[in-house]
Amino acid sequence: MTQLEKQDVDWDGNDLRKMWERDTAQKENPWWGYGGTIEEVRDTVYASNYPKDNFVFVKGPVEDIVPDTVPEKIALLRLDTDWYSSTYHELVHLYPLIGAGGILIIDDYGWCRGARQATDQ
């Protein structure tokens with residue numbers, strides 16, 4: 001997991017590490033996603049009927065994968081890693097690959113201060 005930093009609090013200043021540790025231990029809180037296996041994610045994405053050739057699924061910590069495994073161009077970049085350092089890492093390496101007219105979505109921009117700070121830098 002990404003190392004959390006002092007910026008990694010919610011908009012009200014609550015420590016997200018404590019919330020994450022509590023919620024993942026209980027595995028009942030939908031805030032953190034628990035997206036399932038990579039196969040379940042793949043099946044859900046393929047159900048969109050969008051051409052399967054347009055998807056690449058890579059599993060693992062973003063800091064271990066990016067920049068080694070990236071496409072040449074990105075049309076839609078949706079980031080949802082919550083934390084300052086992972087969001088910053090993604091933006092440094094992936095944002096320059098967004099083509100003209102491309103879309104960037106930062107899922108936690110309005111909730112996680114770390115994600116917002118990484119984006120605003």
# chains A, B, ... in the order shown; residues from 1 in each chain; ligands from 1

$ select_by_dssp --residues "region 44-118 of chain A" --states "alpha helix (DSSP H)" --output "number ranges by chain"
A: 44-46, 62-65, 84-94, 113-118

$ write_last_selection --atoms "C-alpha atoms" --output "mmCIF file, in the first residue's frame"
data_model
loop_
_atom_site.group_PDB
_atom_site.id
_atom_site.type_symbol
_atom_site.label_atom_id
_atom_site.label_comp_id
_atom_site.auth_asym_id
_atom_site.auth_seq_id
_atom_site.Cartn_x
_atom_site.Cartn_y
_atom_site.Cartn_z
ATOM 1 C CA THR A 44 -17.479 -5.728 -15.097
ATOM 2 C CA VAL A 45 -15.565 -3.590 -17.595
ATOM 3 C CA TYR A 46 -16.180 -6.024 -20.453
ATOM 4 C CA VAL A 62 0.892 2.156 -8.812
ATOM 5 C CA GLU A 63 4.404 3.152 -7.751
ATOM 6 C CA ASP A 64 5.662 -0.300 -8.811
ATOM 7 C CA ILE A 65 3.865 -0.274 -12.166
ATOM 8 C CA TYR A 84 -1.170 12.244 -1.829
ATOM 9 C CA SER A 85 1.920 10.306 -2.919
ATOM 10 C CA SER A 86 0.132 7.857 -5.227
ATOM 11 C CA THR A 87 -1.943 10.609 -6.866
ATOM 12 C CA TYR A 88 1.154 12.757 -7.330
ATOM 13 C CA HIS A 89 3.068 9.806 -8.827
ATOM 14 C CA GLU A 90 0.231 9.065 -11.248
ATOM 15 C CA LEU A 91 -0.052 12.679 -12.350
ATOM 16 C CA VAL A 92 3.692 13.102 -12.914
ATOM 17 C CA HIS A 93 3.859 10.039 -15.144
ATOM 18 C CA LEU A 94 0.402 9.777 -16.719
ATOM 19 C CA ARG A 113 -6.920 16.622 0.902
ATOM 20 C CA GLY A 114 -3.812 14.721 -0.205
ATOM 21 C CA ALA A 115 -5.307 13.911 -3.610
ATOM 22 C CA ARG A 116 -6.354 17.542 -4.009
ATOM 23 C CA GLN A 117 -2.929 18.878 -3.014
ATOM 24 C CA ALA A 118 -1.174 16.516 -5.422
#

$ select_by_dssp --residues "region 26-84 of chain A" --states "strand (DSSP E)" --output "MDAnalysis selection string"
chainID A and resid 74:79

$ write_last_selection --atoms "C-alpha atoms" --output "CSV table (one decimal), in the first residue's frame"
chain,number,residue,atom,x,y,z
A,74,ILE,CA,-4.4,8.2,-22.8
A,75,ALA,CA,-7.9,9.5,-23.7
A,76,LEU,CA,-9.5,9.1,-20.3
A,77,LEU,CA,-7.5,9.0,-17.1
A,78,ARG,CA,-9.5,8.3,-13.9
A,79,LEU,CA,-7.4,8.3,-10.7

$ atom_distance --atom1 "CA of Pro71 (chain A)" --atom2 "CA of Gly102 (chain A)"
13.9 Å

$ closest_residue --among "A:Glu39, A:Ile105, A:Thr2, A:Asp120" --to "Gly60 (chain A)" --atoms "only C-alpha atoms"
A:Thr2

$ decode --residues "region 2-121 of chain A" --atoms "C-alpha atoms" --output "PDB file, in the first residue's frame"
ATOM      1  CA  THR A   2       1.043   3.566  -0.636  1.00  0.00           C
ATOM      2  CA  GLN A   3       2.733   5.295   2.283  1.00  0.00           C
ATOM      3  CA  LEU A   4       0.344   7.827   3.794  1.00  0.00           C
ATOM      4  CA  GLU A   5       1.555  11.326   4.554  1.00  0.00           C
ATOM      5  CA  LYS A   6       0.373  14.180   6.762  1.00  0.00           C
ATOM      6  CA  GLN A   7      -1.746  15.504   3.869  1.00  0.00           C
ATOM      7  CA  ASP A   8      -3.792  12.312   3.825  1.00  0.00           C
ATOM      8  CA  VAL A   9      -6.809  13.499   5.759  1.00  0.00           C
ATOM      9  CA  ASP A  10     -10.404  13.918   4.678  1.00  0.00           C
ATOM     10  CA  TRP A  11     -11.885  17.349   4.072  1.00  0.00           C
ATOM     11  CA  ASP A  12     -12.761  17.670   7.760  1.00  0.00           C
ATOM     12  CA  GLY A  13      -9.185  16.860   8.807  1.00  0.00           C
ATOM     13  CA  ASN A  14      -9.856  13.279   9.966  1.00  0.00           C
ATOM     14  CA  ASP A  15      -6.890  10.922   9.679  1.00  0.00           C
ATOM     15  CA  LEU A  16      -7.602   8.665   6.695  1.00  0.00           C
ATOM     16  CA  ARG A  17      -5.055   6.049   7.808  1.00  0.00           C
ATOM     17  CA  LYS A  18      -7.074   5.331  10.946  1.00  0.00           C
ATOM     18  CA  MET A  19     -10.292   5.178   8.954  1.00  0.00           C
ATOM     19  CA  TRP A  20      -8.736   2.886   6.325  1.00  0.00           C
ATOM     20  CA  GLU A  21      -7.254   0.521   8.926  1.00  0.00           C
ATOM     21  CA  ARG A  22     -10.557   0.297  10.812  1.00  0.00           C
ATOM     22  CA  ASP A  23     -12.683  -0.185   7.714  1.00  0.00           C
ATOM     23  CA  THR A  24     -10.448  -2.714   5.967  1.00  0.00           C
ATOM     24  CA  ALA A  25     -10.296  -4.791   9.138  1.00  0.00           C
ATOM     25  CA  GLN A  26     -14.108  -4.859   9.178  1.00  0.00           C
ATOM     26  CA  LYS A  27     -14.426  -5.186   5.358  1.00  0.00           C
ATOM     27  CA  GLU A  28     -17.911  -3.734   5.651  1.00  0.00           C
ATOM     28  CA  ASN A  29     -17.436  -0.114   4.671  1.00  0.00           C
ATOM     29  CA  PRO A  30     -18.034   0.647   0.990  1.00  0.00           C
ATOM     30  CA  TRP A  31     -15.884   3.813   1.070  1.00  0.00           C
ATOM     31  CA  TRP A  32     -12.718   1.966   0.116  1.00  0.00           C
ATOM     32  CA  GLY A  33     -14.190  -0.050  -2.726  1.00  0.00           C
ATOM     33  CA  TYR A  34     -12.883  -3.581  -2.172  1.00  0.00           C
ATOM     34  CA  GLY A  35     -13.229  -3.980  -5.930  1.00  0.00           C
ATOM     35  CA  GLY A  36     -12.802  -7.723  -5.953  1.00  0.00           C
ATOM     36  CA  THR A  37     -10.400  -9.785  -7.983  1.00  0.00           C
ATOM     37  CA  ILE A  38      -8.882  -8.576 -11.233  1.00  0.00           C
ATOM     38  CA  GLU A  39     -11.103 -11.110 -12.982  1.00  0.00           C
ATOM     39  CA  GLU A  40     -14.227  -9.546 -11.421  1.00  0.00           C
ATOM     40  CA  VAL A  41     -13.068  -6.085 -12.440  1.00  0.00           C
ATOM     41  CA  ARG A  42     -12.334  -7.309 -15.980  1.00  0.00           C
ATOM     42  CA  ASP A  43     -15.791  -8.925 -16.251  1.00  0.00           C
ATOM     43  CA  THR A  44     -17.479  -5.728 -15.097  1.00  0.00           C
ATOM     44  CA  VAL A  45     -15.565  -3.590 -17.595  1.00  0.00           C
ATOM     45  CA  TYR A  46     -16.180  -6.024 -20.453  1.00  0.00           C
ATOM     46  CA  ALA A  47     -19.921  -5.922 -19.706  1.00  0.00           C
ATOM     47  CA  SER A  48     -19.840  -2.389 -21.147  1.00  0.00           C
ATOM     48  CA  ASN A  49     -19.478  -3.969 -24.611  1.00  0.00           C
ATOM     49  CA  TYR A  50     -16.693  -1.523 -25.392  1.00  0.00           C
ATOM     50  CA  PRO A  51     -14.040  -3.249 -27.549  1.00  0.00           C
ATOM     51  CA  LYS A  52     -11.942  -5.463 -25.284  1.00  0.00           C
ATOM     52  CA  ASP A  53      -8.773  -4.589 -27.222  1.00  0.00           C
ATOM     53  CA  ASN A  54      -8.977  -1.053 -25.802  1.00  0.00           C
ATOM     54  CA  PHE A  55      -8.382  -2.171 -22.212  1.00  0.00           C
ATOM     55  CA  VAL A  56      -5.233  -3.146 -20.383  1.00  0.00           C
ATOM     56  CA  PHE A  57      -5.534  -4.457 -16.828  1.00  0.00           C
ATOM     57  CA  VAL A  58      -2.520  -4.214 -14.561  1.00  0.00           C
ATOM     58  CA  LYS A  59      -2.569  -5.267 -10.936  1.00  0.00           C
ATOM     59  CA  GLY A  60      -0.271  -3.941  -8.223  1.00  0.00           C
ATOM     60  CA  PRO A  61       0.861  -0.789  -6.430  1.00  0.00           C
ATOM     61  CA  VAL A  62       0.892   2.156  -8.812  1.00  0.00           C
ATOM     62  CA  GLU A  63       4.404   3.152  -7.751  1.00  0.00           C
ATOM     63  CA  ASP A  64       5.662  -0.300  -8.811  1.00  0.00           C
ATOM     64  CA  ILE A  65       3.865  -0.274 -12.166  1.00  0.00           C
ATOM     65  CA  VAL A  66       4.064   3.296 -13.444  1.00  0.00           C
ATOM     66  CA  PRO A  67       6.000   4.416 -15.462  1.00  0.00           C
ATOM     67  CA  ASP A  68       7.143   0.971 -16.656  1.00  0.00           C
ATOM     68  CA  THR A  69       3.703  -0.133 -17.820  1.00  0.00           C
ATOM     69  CA  VAL A  70       1.927   2.768 -19.536  1.00  0.00           C
ATOM     70  CA  PRO A  71       0.251   3.303 -22.885  1.00  0.00           C
ATOM     71  CA  GLU A  72       1.589   5.741 -25.460  1.00  0.00           C
ATOM     72  CA  LYS A  73      -1.524   7.915 -25.183  1.00  0.00           C
ATOM     73  CA  ILE A  74      -4.438   8.226 -22.787  1.00  0.00           C
ATOM     74  CA  ALA A  75      -7.913   9.454 -23.714  1.00  0.00           C
ATOM     75  CA  LEU A  76      -9.533   9.072 -20.284  1.00  0.00           C
ATOM     76  CA  LEU A  77      -7.507   8.987 -17.076  1.00  0.00           C
ATOM     77  CA  ARG A  78      -9.481   8.266 -13.921  1.00  0.00           C
ATOM     78  CA  LEU A  79      -7.436   8.284 -10.730  1.00  0.00           C
ATOM     79  CA  ASP A  80      -8.836   6.827  -7.520  1.00  0.00           C
ATOM     80  CA  THR A  81      -5.929   6.031  -5.243  1.00  0.00           C
ATOM     81  CA  ASP A  82      -6.958   8.504  -2.517  1.00  0.00           C
ATOM     82  CA  TRP A  83      -3.510   9.338  -1.158  1.00  0.00           C
ATOM     83  CA  TYR A  84      -1.170  12.244  -1.829  1.00  0.00           C
ATOM     84  CA  SER A  85       1.920  10.306  -2.919  1.00  0.00           C
ATOM     85  CA  SER A  86       0.132   7.857  -5.227  1.00  0.00           C
ATOM     86  CA  THR A  87      -1.943  10.609  -6.866  1.00  0.00           C
ATOM     87  CA  TYR A  88       1.154  12.757  -7.330  1.00  0.00           C
ATOM     88  CA  HIS A  89       3.068   9.806  -8.827  1.00  0.00           C
ATOM     89  CA  GLU A  90       0.231   9.065 -11.248  1.00  0.00           C
ATOM     90  CA  LEU A  91      -0.052  12.679 -12.350  1.00  0.00           C
ATOM     91  CA  VAL A  92       3.692  13.102 -12.914  1.00  0.00           C
ATOM     92  CA  HIS A  93       3.859  10.039 -15.144  1.00  0.00           C
ATOM     93  CA  LEU A  94       0.402   9.777 -16.719  1.00  0.00           C
ATOM     94  CA  TYR A  95      -0.975  13.296 -17.113  1.00  0.00           C
ATOM     95  CA  PRO A  96       1.503  14.164 -19.908  1.00  0.00           C
ATOM     96  CA  LEU A  97       0.125  11.205 -21.894  1.00  0.00           C
ATOM     97  CA  ILE A  98      -3.420  12.584 -22.073  1.00  0.00           C
ATOM     98  CA  GLY A  99      -4.147  13.530 -25.663  1.00  0.00           C
ATOM     99  CA  ALA A 100      -5.787  16.714 -26.896  1.00  0.00           C
ATOM    100  CA  GLY A 101      -9.411  16.703 -25.772  1.00  0.00           C
ATOM    101  CA  GLY A 102      -8.655  13.967 -23.226  1.00  0.00           C
ATOM    102  CA  ILE A 103     -10.342  13.761 -19.857  1.00  0.00           C
ATOM    103  CA  LEU A 104      -8.837  13.654 -16.360  1.00  0.00           C
ATOM    104  CA  ILE A 105     -10.973  12.576 -13.407  1.00  0.00           C
ATOM    105  CA  ILE A 106      -9.583  12.719  -9.869  1.00  0.00           C
ATOM    106  CA  ASP A 107     -12.134  10.703  -7.894  1.00  0.00           C
ATOM    107  CA  ASP A 108     -11.184  11.979  -4.447  1.00  0.00           C
ATOM    108  CA  TYR A 109     -10.336  15.591  -5.319  1.00  0.00           C
ATOM    109  CA  GLY A 110     -13.144  16.945  -3.151  1.00  0.00           C
ATOM    110  CA  TRP A 111     -12.775  14.539  -0.251  1.00  0.00           C
ATOM    111  CA  CYS A 112      -9.127  13.608   0.299  1.00  0.00           C
ATOM    112  CA  ARG A 113      -6.920  16.622   0.902  1.00  0.00           C
ATOM    113  CA  GLY A 114      -3.812  14.721  -0.205  1.00  0.00           C
ATOM    114  CA  ALA A 115      -5.307  13.911  -3.610  1.00  0.00           C
ATOM    115  CA  ARG A 116      -6.354  17.542  -4.009  1.00  0.00           C
ATOM    116  CA  GLN A 117      -2.929  18.878  -3.014  1.00  0.00           C
ATOM    117  CA  ALA A 118      -1.174  16.516  -5.422  1.00  0.00           C
ATOM    118  CA  THR A 119      -3.475  17.672  -8.209  1.00  0.00           C
ATOM    119  CA  ASP A 120      -3.127  21.385  -7.460  1.00  0.00           C
ATOM    120  CA  GLN A 121       0.680  21.368  -7.394  1.00  0.00           C
TER     121      GLN A 121
END
